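Structure first, commentary second.
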Amino acid sequence: MDKLISLVPHSLKLMVGDSSPHDLPSTSSSLLDFFLKQHQFHQVIRDLADPEKALCVKNKNLALEFKEKGNQCHLSGDHPQALISYSQALRMAPFDADDMDRNLVATLYVNRASSLHKMGLLMECLRDCNRALQISSTYAKAWYRRGKVNASLENYQDAVRDLTIAQSMESSLGGKRQIESERKIILDTHKTEGCTPFQHNEKQLGISDEPHQVKPQCVEVTGKGRGMVSQSDIPQATLVHIEEPYALIILKHCRETHCHYCLNELPADTVPCTSCSIPFYCSQHCQVQAGGQRLRNCPKKLAVHGSHFYNLEDYIGEITLSNDYDPDVEHLPEHIHECQGVHWPLVLPSDVVLAGRIIVKSIKQKKCSKKGSIPLETLDLSHSYSKMSPESKLELHIYSIVLLCCLQHSSHFGLSVTGVHISQTVILISQIRVNSMAVVRMKSCDVNVPPYQIEDFIRCGRALTSSVEQVRVGQAVYFSGSLFNHSCQPNVHAYFLSRTLFIRTTEVVATGYPLELSYGPQVGQWDCTTRVKFLEDNYFFRYSCVINYERQKLEHFLEVSITSSLESNLEVRKLKDVDISKVAHFSFEEKNSSLHIDPGYCLKCVSYCDLESSREALSKPWNYIGRLQDSVLFKEISGMTLSGALESLDLLRSILHAYNKRIAEAEDNLAQAFCLVGDLQSAKGHCEASLKILEKLYDPNHVVIGYELVKLSSIQLSLGDSSVVDSIDRLSAIFSRYYGSHVDIVFPYLQSLQKEGCKLVQSGAE
Ligand SMILES: C[S@@+](CC[C@H](N)C(=O)[O-])C[C@H]1O[C@@H](n2cnc3c(N)ncnc32)[C@H](O)[C@@H]1O
């Protein structure tokens with residue numbers, strides 16, 4: 001990008017920087033004309049989009065190298081490393097390549113199945129066997145591995161069937177004999193009458209279909225454009241909106257860890273795209289839905305001898321015929337035009353690639369390829385192009401030109417790159433910037449447990465300071481979802497299951513009242529100034545809701561814990577446009593209206609703080625707390641860091657207001673540090689202290705309290721403290737308010753906590 005920007009002459013930069021949506025077609029054509037004369041520009045496009053230079057194509061030699069590495073690791077017993085190597089080999093292997101007279105991909109699936117079996121990942125192993133068989137239905141080794149894993153899964157009937165088929169397909173006499181003896185052992189040891197339910201399809205995570213009858217209405221809201229309002233009185237925790245994305249993309253940092261279609265965390269048995277080496281999917285279902293081009297197979301009718309009990313031909317058909325394509329789900333082959341191994345989808349920013357997906361989708365939907373016109377004007381979304389900085393405008397122009405040139409190379413729509421098309425793309429990217437939603441997932445972590453082991457540790461109740469945090473995994477356009485405006489006091493909460501957006505009320509909402517979300521991280525994670533800046537930089541509006549307005553005025557007046565008095569006080573809404581002393585007066589009214597207000601006094605509890613000297617005195621303790629945070633991150637806690645942080649905490653307590661949020665953060669850091677050094681009693685004390693402060697700052701059912709309760713309950717569990725039951729009950733109530741009946745799907749850790757809590761109480765009662 002910098003290279004292209006540096007080519008643009010100053011006068012053209014000025015013209016683009018000054019442009020309005022109205023002049024876009026002419027500024028776009030001028031810039032395009034300029035670039036078309038630059039050989040460096042053509043070089044950039046060739047590097048990004050020329051199939052000859054494609055870097056993300058399949059590569060058989062590389063696949064064989066990874067396969068060999070996987071085999072060596074498997075032989076030496078390093079199964080996790082073998083798994084990684086086989087997955088990389090699958091990513092690189094051309095779908096139709098052969099290796100030793102066998103389809104290479106099928107071989108790799110079977111090899112990976114062996115590693116998965118050794119690692120105890122039985123369902124993953126079974127799925128890989130099925131994948132191999134769907135490519136090569138006569139593959140004896142795949143049937144054999146399937147039989148073995150079915151035996152481990154105690155699906156003895158299927159195990160016997162699989163081994164019968166394996167024996168029939170095996171060509172060597174020795175092999176046949178070995179399979180026969182294993183089959184006999186299973187037959188002799190286990191009675192196979194009674195049918196084990198057979199399931200080979202990859203099931204998607206079931207999303208419970210909670211009824212939602214409450215439909216919000218879209219209206220014009222003064223100063224905010226369109227917005228959503230309630231049409232009736234809506235109870236708390238009611239689902240008010242469900243929507244599938246119009247277009248979605250995974251974020252770059254999640255490409256190796258999350259499915260590129262549904263954005264769920266990748267399982268151990270990842271499925272790569274069959275045509276390029278870019279995406280990984282969690283299942284063939286997602287691969288097909290995304291346009292990861294799985295070849296349809298048509299297995300032969302196989303005659304199998306050796307069984308008079310079952311109809312083995314039907315059984316084989318059931319396993320080898322994939323049915324990943326779900327005709328009821330709208331098919332969005334969003335990856336298909338990016339799938340030629342060229343690397344522009346990998347290097348261009350996510351929102352630009354997302355714009356490409358929308359362009360291709362709208363072309364396909366309108367079937368206007370012959371006309372070569374991009375019907376982007378159909379996207380009824382707001383944008384703030386006029387408010388962007390000159391640098392951003394130039395950047396948007398260049399990205400739009402590059403994207404269209406790449407699409408022109410990669411797709412077969414006869415796409416022409418013109419000033420009008422570029423200007424439409426500029427507007428589209430501007431629309432994406434203010435309207436797309438960050439798709440998030442809840443992630444559990446623990447200071448003592450490596451991330452890949454967290455689920456196992458949690459399941460066994462061995463995690464100590466487990467915490468949950470929201471991580472951004474994708475970016476998506478939801479047409480109706482984007483009509484919810486922002487509030488720093490949101491009354492609805494958005495979350496995602498797979499690609500689906502859910503919006504739920506977090507409080508009772510009266511008829512006609514706006515339904516508003518919090519843009520950016522959840523309330524409580526940022527202070528007011530940071531959020532206002534974020535809204536200005538990213539959404540181009542100056543946030544001026546009552547709470548903020550009053551808070552800004554109060555911040556001149558008093559630096560301590562203003563959140564506490566205002567955030568919980570809904571009556572503050574009435575205070576718009578009143579003088580600061582009146583705000584103060586209002587806050588004191590109920591208690592003692594005759595109080596005199598001076599800067600430095602807390603409006604909630606009247607304690608005093610000398611703001612000037614406190615600011616100076618705070619810098620040293622903050623440094624110590626910062627050092628502690630780093631040590632927790634690197635899991636290296638020295639006695640010095642700990643004692644420095646403890647002294648700093650005392651200092652903070654003496655200077656700051658008792659309910660300052662930063663003291664709560666320091667307490668929380670100390671809790672994590674004490675967990676790391678194994679002093680759980682102290683950890684519990686600090687966690688409780690942090691919670692006590694948060695309870696003063698937030699509504700008792702606020703999600704911020706829920707997060708701290710997760711930590712407290714995991715420490716209490718580790719200590720065998722029976723009060724964990726109360727903590728878990730509280731946190732269940734809080735999360736149910738935000739996630740309703742989806743709480744167990746969004747936050748599976750809650751169930752493990754509940755189970756462990758019950759066990760603890762029962763063992764205490766015995
Ligand atoms: C995702 S859109 C919301 C829908 C938008 N109001 C519309 O008319 O399409 C985000 C844009 O809405 C406006 N907006 C959202 N919340 C606002 C608020 N609290 N105050 C002022 N403008 C707001 C801003 O222009 C922002 O860029």
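Residues in the structure tokens are numbered from 1 in each chain, the chains being A, B, ... in the order shown, and ligands are numbered from 1 in the order shown.
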Would you give me, as a tab-separated table, each residue of chain A having an atom within 9 Å of an atom of ligand 1, along with its shortest atom pair and that distance in Å to one decimal, using only C-alpha atoms and all ligand atoms and sorting by chain and residue number?
```
residue	atom	partner	partner_atom_place_in_ligand_line	distance
A:Val219	CA	ligand 1	8 (O)	8.9
A:Glu220	CA	ligand 1	8 (O)	7.5
A:Val221	CA	ligand 1	6 (N)	7.7
A:Thr222	CA	ligand 1	21 (C)	8.5
A:Gly223	CA	ligand 1	21 (C)	5.6
A:Lys224	CA	ligand 1	22 (N)	3.7
A:Gly225	CA	ligand 1	8 (O)	3.7
A:Arg226	CA	ligand 1	8 (O)	3.5
A:Gly227	CA	ligand 1	6 (N)	5.3
A:Met228	CA	ligand 1	4 (C)	8.5
A:Asp380	CA	ligand 1	9 (O)	8.0
A:Leu381	CA	ligand 1	9 (O)	5.4
A:Ser382	CA	ligand 1	9 (O)	4.5
A:His383	CA	ligand 1	27 (O)	6.7
A:Ser384	CA	ligand 1	27 (O)	6.7
A:Gln431	CA	ligand 1	2 (S)	8.8
A:Arg433	CA	ligand 1	27 (O)	8.7
A:Val434	CA	ligand 1	27 (O)	5.2
A:Asn435	CA	ligand 1	1 (C)	4.1
A:Ser436	CA	ligand 1	1 (C)	7.1
A:Met437	CA	ligand 1	1 (C)	8.1
A:Ser480	CA	ligand 1	4 (C)	8.9
A:Gly481	CA	ligand 1	1 (C)	7.9
A:Ser482	CA	ligand 1	1 (C)	4.3
A:Leu483	CA	ligand 1	4 (C)	4.0
A:Phe484	CA	ligand 1	3 (C)	5.5
A:Asn485	CA	ligand 1	16 (N)	3.7
A:His486	CA	ligand 1	16 (N)	3.9
A:Ser487	CA	ligand 1	19 (N)	5.2
A:Cys488	CA	ligand 1	19 (N)	8.1
A:Glu516	CA	ligand 1	16 (N)	7.8
A:Leu517	CA	ligand 1	16 (N)	8.5
A:Ser518	CA	ligand 1	16 (N)	8.9
A:Tyr519	CA	ligand 1	16 (N)	8.3
A:Leu535	CA	ligand 1	27 (O)	8.0
A:Glu536	CA	ligand 1	27 (O)	8.6
A:Asn538	CA	ligand 1	27 (O)	7.6
A:Tyr539	CA	ligand 1	27 (O)	3.9
A:Phe540	CA	ligand 1	27 (O)	5.5
A:Phe541	CA	ligand 1	24 (C)	5.4
A:Arg542	CA	ligand 1	21 (C)	6.7
A:Tyr543	CA	ligand 1	20 (N)	5.4
A:Ser544	CA	ligand 1	20 (N)	6.9
A:Cys545	CA	ligand 1	19 (N)	6.9
```
Take the selection from the previous step and output its residues with N, CA and C atoms, as a compact mmCIF listing (two decimals), in the first residue's frame.
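File written: again_19.txt
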```txt
# COMPACT_ATOMS: atom_id res chain seq x y z
N VAL A 219 -36.85 3.01 12.87
CA VAL A 219 -37.42 4.37 12.75
C VAL A 219 -36.29 5.39 12.56
N GLU A 220 -36.63 6.60 12.16
CA GLU A 220 -35.63 7.67 12.11
C GLU A 220 -35.44 8.22 13.52
N VAL A 221 -34.19 8.35 13.96
CA VAL A 221 -33.94 8.88 15.30
C VAL A 221 -33.13 10.17 15.14
N THR A 222 -33.60 11.22 15.78
CA THR A 222 -32.93 12.52 15.62
C THR A 222 -31.44 12.41 15.95
N GLY A 223 -30.62 12.83 15.04
CA GLY A 223 -29.18 12.89 15.27
C GLY A 223 -28.47 11.55 15.12
N LYS A 224 -29.21 10.47 14.86
CA LYS A 224 -28.54 9.16 14.79
C LYS A 224 -28.86 8.41 13.49
N GLY A 225 -29.62 9.01 12.60
CA GLY A 225 -30.04 8.29 11.40
C GLY A 225 -31.16 7.33 11.75
N ARG A 226 -31.11 6.13 11.15
CA ARG A 226 -32.13 5.14 11.50
C ARG A 226 -31.73 4.45 12.80
N GLY A 227 -32.72 3.87 13.45
CA GLY A 227 -32.42 3.13 14.69
C GLY A 227 -33.56 2.18 14.99
N MET A 228 -33.31 1.24 15.87
CA MET A 228 -34.33 0.26 16.24
C MET A 228 -35.03 0.69 17.53
N ASP A 380 -28.47 -1.04 1.28
CA ASP A 380 -29.10 0.11 1.93
C ASP A 380 -28.44 0.34 3.29
N LEU A 381 -27.19 0.78 3.26
CA LEU A 381 -26.46 0.98 4.52
C LEU A 381 -25.89 2.40 4.54
N SER A 382 -25.77 2.92 5.76
CA SER A 382 -25.22 4.28 5.87
C SER A 382 -23.69 4.22 5.70
N HIS A 383 -23.09 5.34 5.41
CA HIS A 383 -21.62 5.40 5.39
C HIS A 383 -21.20 6.82 5.76
N SER A 384 -19.92 6.99 6.03
CA SER A 384 -19.47 8.31 6.46
C SER A 384 -18.26 8.74 5.65
N GLN A 431 -19.16 1.65 3.77
CA GLN A 431 -20.34 1.09 4.43
C GLN A 431 -19.93 -0.05 5.36
N ARG A 433 -17.14 -0.41 6.84
CA ARG A 433 -16.42 0.09 8.02
C ARG A 433 -17.36 0.53 9.13
N VAL A 434 -18.49 1.16 8.79
CA VAL A 434 -19.37 1.60 9.89
C VAL A 434 -20.50 0.64 10.19
N ASN A 435 -20.73 -0.33 9.33
CA ASN A 435 -21.88 -1.20 9.57
C ASN A 435 -21.55 -2.65 9.91
N SER A 436 -20.33 -3.10 9.55
CA SER A 436 -20.06 -4.52 9.81
C SER A 436 -19.92 -4.73 11.32
N MET A 437 -20.24 -5.93 11.74
CA MET A 437 -20.15 -6.22 13.17
C MET A 437 -18.96 -7.15 13.40
N SER A 480 -30.08 -5.99 9.06
CA SER A 480 -30.93 -5.42 10.12
C SER A 480 -30.13 -5.21 11.40
N GLY A 481 -29.20 -6.13 11.67
CA GLY A 481 -28.39 -6.00 12.89
C GLY A 481 -27.65 -4.68 12.93
N SER A 482 -27.27 -4.17 11.74
CA SER A 482 -26.50 -2.92 11.72
C SER A 482 -27.37 -1.70 11.98
N LEU A 483 -28.67 -1.91 12.11
CA LEU A 483 -29.54 -0.75 12.37
C LEU A 483 -29.67 -0.43 13.87
N PHE A 484 -29.04 -1.26 14.70
CA PHE A 484 -29.07 -0.96 16.14
C PHE A 484 -27.99 0.08 16.43
N ASN A 485 -28.38 1.21 16.99
CA ASN A 485 -27.42 2.28 17.30
C ASN A 485 -26.65 1.98 18.58
N HIS A 486 -25.70 2.87 18.86
CA HIS A 486 -24.86 2.68 20.05
C HIS A 486 -25.39 3.43 21.27
N SER A 487 -25.18 2.82 22.44
CA SER A 487 -25.37 3.55 23.69
C SER A 487 -24.34 3.04 24.68
N CYS A 488 -23.84 3.97 25.55
CA CYS A 488 -22.93 3.52 26.61
C CYS A 488 -23.71 2.87 27.74
N GLU A 516 -30.58 -0.28 21.99
CA GLU A 516 -29.23 0.14 21.60
C GLU A 516 -28.15 -0.76 22.19
N LEU A 517 -27.16 -1.01 21.35
CA LEU A 517 -26.03 -1.87 21.69
C LEU A 517 -24.86 -1.02 22.15
N SER A 518 -23.83 -1.67 22.70
CA SER A 518 -22.59 -0.95 22.93
C SER A 518 -21.63 -1.32 21.80
N TYR A 519 -21.15 -0.34 21.03
CA TYR A 519 -20.18 -0.62 19.97
C TYR A 519 -18.80 -0.79 20.62
N LEU A 535 -15.43 5.68 19.07
CA LEU A 535 -16.65 5.93 18.30
C LEU A 535 -16.38 7.00 17.24
N GLU A 536 -15.62 8.02 17.64
CA GLU A 536 -15.32 9.09 16.68
C GLU A 536 -14.44 8.58 15.54
N ASN A 538 -13.95 5.44 14.48
CA ASN A 538 -14.45 4.33 13.67
C ASN A 538 -15.87 4.53 13.15
N TYR A 539 -16.67 5.26 13.89
CA TYR A 539 -18.08 5.42 13.47
C TYR A 539 -18.43 6.87 13.13
N PHE A 540 -17.47 7.74 13.31
CA PHE A 540 -17.60 9.14 12.89
C PHE A 540 -18.76 9.88 13.53
N PHE A 541 -19.05 9.57 14.77
CA PHE A 541 -20.02 10.43 15.46
C PHE A 541 -19.51 10.75 16.86
N ARG A 542 -19.91 11.94 17.30
CA ARG A 542 -19.50 12.37 18.63
C ARG A 542 -20.57 11.89 19.58
N TYR A 543 -20.17 11.03 20.48
CA TYR A 543 -21.17 10.45 21.38
C TYR A 543 -21.53 11.46 22.44
N SER A 544 -22.82 11.73 22.56
CA SER A 544 -23.21 12.78 23.49
C SER A 544 -24.40 12.35 24.32
N CYS A 545 -24.40 11.10 24.74
CA CYS A 545 -25.54 10.69 25.56
C CYS A 545 -25.38 11.29 26.94
```
Open item on the list: Which residues are close to stretch 4-12 of chain A, i.e. within 9 Å by only C-alpha atoms, leaving aside same-chain residues fewer than 3 positions away? Reply as a ChimeraX atom specification.
Closed with: /A:1,15-17,27,30-31,34-35,38,40-41,44,394-395,398
Output as JSON lines one row per residue of stretch 637-719 of chain A within 12 Å of stretch 750-760 of chain A: the closest atom pair and its distance in Å to one decimal place, counting only C-alpha atoms, sorted by chain and residue number ascending.
```
{"residue": "A:Gly706", "atom": "CA", "partner": "A:Leu750", "partner_atom": "CA", "distance": 11.0}
{"residue": "A:Tyr707", "atom": "CA", "partner": "A:Leu750", "partner_atom": "CA", "distance": 11.3}
{"residue": "A:Leu709", "atom": "CA", "partner": "A:Leu750", "partner_atom": "CA", "distance": 11.1}
{"residue": "A:Val710", "atom": "CA", "partner": "A:Leu750", "partner_atom": "CA", "distance": 8.4}
{"residue": "A:Lys711", "atom": "CA", "partner": "A:Leu753", "partner_atom": "CA", "distance": 10.9}
{"residue": "A:Leu712", "atom": "CA", "partner": "A:Leu753", "partner_atom": "CA", "distance": 11.3}
{"residue": "A:Ser713", "atom": "CA", "partner": "A:Leu753", "partner_atom": "CA", "distance": 7.8}
{"residue": "A:Ser714", "atom": "CA", "partner": "A:Leu753", "partner_atom": "CA", "distance": 7.5}
{"residue": "A:Ile715", "atom": "CA", "partner": "A:Leu753", "partner_atom": "CA", "distance": 11.0}
{"residue": "A:Gln716", "atom": "CA", "partner": "A:Gly757", "partner_atom": "CA", "distance": 9.3}
{"residue": "A:Leu717", "atom": "CA", "partner": "A:Gly757", "partner_atom": "CA", "distance": 6.8}
{"residue": "A:Ser718", "atom": "CA", "partner": "A:Glu756", "partner_atom": "CA", "distance": 9.9}
{"residue": "A:Leu719", "atom": "CA", "partner": "A:Leu760", "partner_atom": "CA", "distance": 10.2}
```
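Relative to atom CA of A:Val532, atom CA of A:Gly512 is found at 26.0 Å.
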TODO: List every residue of stretch 92-190 of chain A that DSSP, applied to the backbone of this structure, places in alpha helix (DSSP H), and write the result as a ChimeraX atom specification.
DONE: /A:92,104-118,122-135,140-152,156-169,173-189
TODO: For A:Gln408, list every protein, DNA or RNA residue within 10 Å, evaluated using only C-alpha atoms, and leave out those in the same chain fewer than 6 positions away; present the list as a ChimeraX atom specification.
DONE: /A:49,402,414-417
Only N, CA, C and O atoms, please: the residues just picked out, written as a CSV table (one decimal), in the first residue's frame.
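What ended up in part_25.csv:
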```csv
chain,number,residue,atom,x,y,z
A,49,ALA,N,-2.5,-11.2,-8.2
A,49,ALA,CA,-3.6,-11.9,-8.8
A,49,ALA,C,-3.2,-12.8,-10.0
A,49,ALA,O,-4.1,-13.5,-10.5
A,402,VAL,N,-7.3,-1.8,-6.5
A,402,VAL,CA,-6.6,-3.1,-6.4
A,402,VAL,C,-7.5,-4.2,-6.3
A,402,VAL,O,-7.4,-5.2,-7.1
A,414,GLY,N,-16.5,-11.1,-16.3
A,414,GLY,CA,-16.3,-10.1,-17.3
A,414,GLY,C,-16.4,-8.7,-16.6
A,414,GLY,O,-16.9,-7.7,-17.2
A,415,LEU,N,-15.8,-8.7,-15.4
A,415,LEU,CA,-15.9,-7.4,-14.6
A,415,LEU,C,-15.0,-6.4,-15.2
A,415,LEU,O,-13.8,-6.6,-15.5
A,416,SER,N,-15.6,-5.2,-15.4
A,416,SER,CA,-14.7,-4.1,-16.0
A,416,SER,C,-14.4,-3.1,-14.8
A,416,SER,O,-15.2,-2.9,-14.0
A,417,VAL,N,-13.2,-2.6,-14.9
A,417,VAL,CA,-12.7,-1.7,-13.8
A,417,VAL,C,-12.9,-0.3,-14.4
A,417,VAL,O,-12.1,0.2,-15.2
```
- [ ] Measure the distance from atom CA of A:Glu243 to atom CA of A:Leu501 in Å and round it to one decimal.
- [x] 5.2 Å
Open item on the list: So the first atom is atom CA of A:Gly639 and the second is atom CA of A:Leu651; what is the distance between them in Å, to one decimal place?
Closed with: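 Distance between the two atoms: 18.4 Å.
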Open item on the list: Would you pick out the contacts of A:His74 at 10 Å or less, using only C-alpha atoms, so that residues sharing its chain but fewer than 3 positions from it are not included, and give the list as JSON, numbers by chain?
Closed with: {"A": [68, 69, 70, 71, 77, 78, 79, 80, 81, 82, 83, 85, 86, 111, 112, 114, 115, 118]}
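Residue nearest A:Ile319, chosen from A:Asp128, A:Asp98, A:Glu391, A:Glu665 and counting only C-alpha atoms: A:Asp128.
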Residues of stretch 44-163 of chain A within 10 Å of stretch 314-318 of chain A: nearest atom pair and distance (Å, one decimal) for each, counting only C-alpha atoms, sorted by chain and number, as a Markdown table?
```
| residue | atom | partner | partner_atom | distance |
| --- | --- | --- | --- | --- |
| A:Leu133 | CA | A:Ile316 | CA | 9.0 |
| A:Gln134 | CA | A:Gly317 | CA | 9.4 |
| A:Ser137 | CA | A:Ile316 | CA | 7.9 |
| A:Thr138 | CA | A:Ile316 | CA | 9.7 |
| A:Trp143 | CA | A:Ile316 | CA | 9.8 |
| A:Asp158 | CA | A:Tyr315 | CA | 9.3 |
| A:Arg161 | CA | A:Tyr315 | CA | 8.4 |
| A:Asp162 | CA | A:Ile316 | CA | 8.9 |
```
- [ ] Could you give me, as an MDAnalysis selection string, the residues within 6 Å of A:Asn491, counting only C-alpha atoms and dropping anything in the same chain fewer than 3 positions from it?
- [x] chainID A and resid 505:507 516
Task: Selection: 10 Å around A:Val471, only C-alpha atoms, excl. self and same-chain fewer than 4 positions, as a count of residues only - done: 8
- [ ] Considering only C-alpha atoms, state which residue in the set A:Leu642, A:Leu652, A:Leu90, A:Met119 is at the smallest distance from A:Cys675.
- [x] A:Leu642
TODO: Output as a PyMOL selection string all residues of stretch 28-131 of chain A that backbone DSSP marks as strand (DSSP E or B).
DONE: chain A and resi 57+98-99+102-103
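Closest approach to A:Ser410 among A:Asp50, A:Glu469, A:Asp351, A:Asp188 is made by A:Asp50 (distances from only C-alpha atoms).
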Task: Given only C-alpha atoms as the counted atoms, nearest of A:Val342, A:Met123, A:Asp269, A:Ile135 to A:Lys53 - done: A:Val342
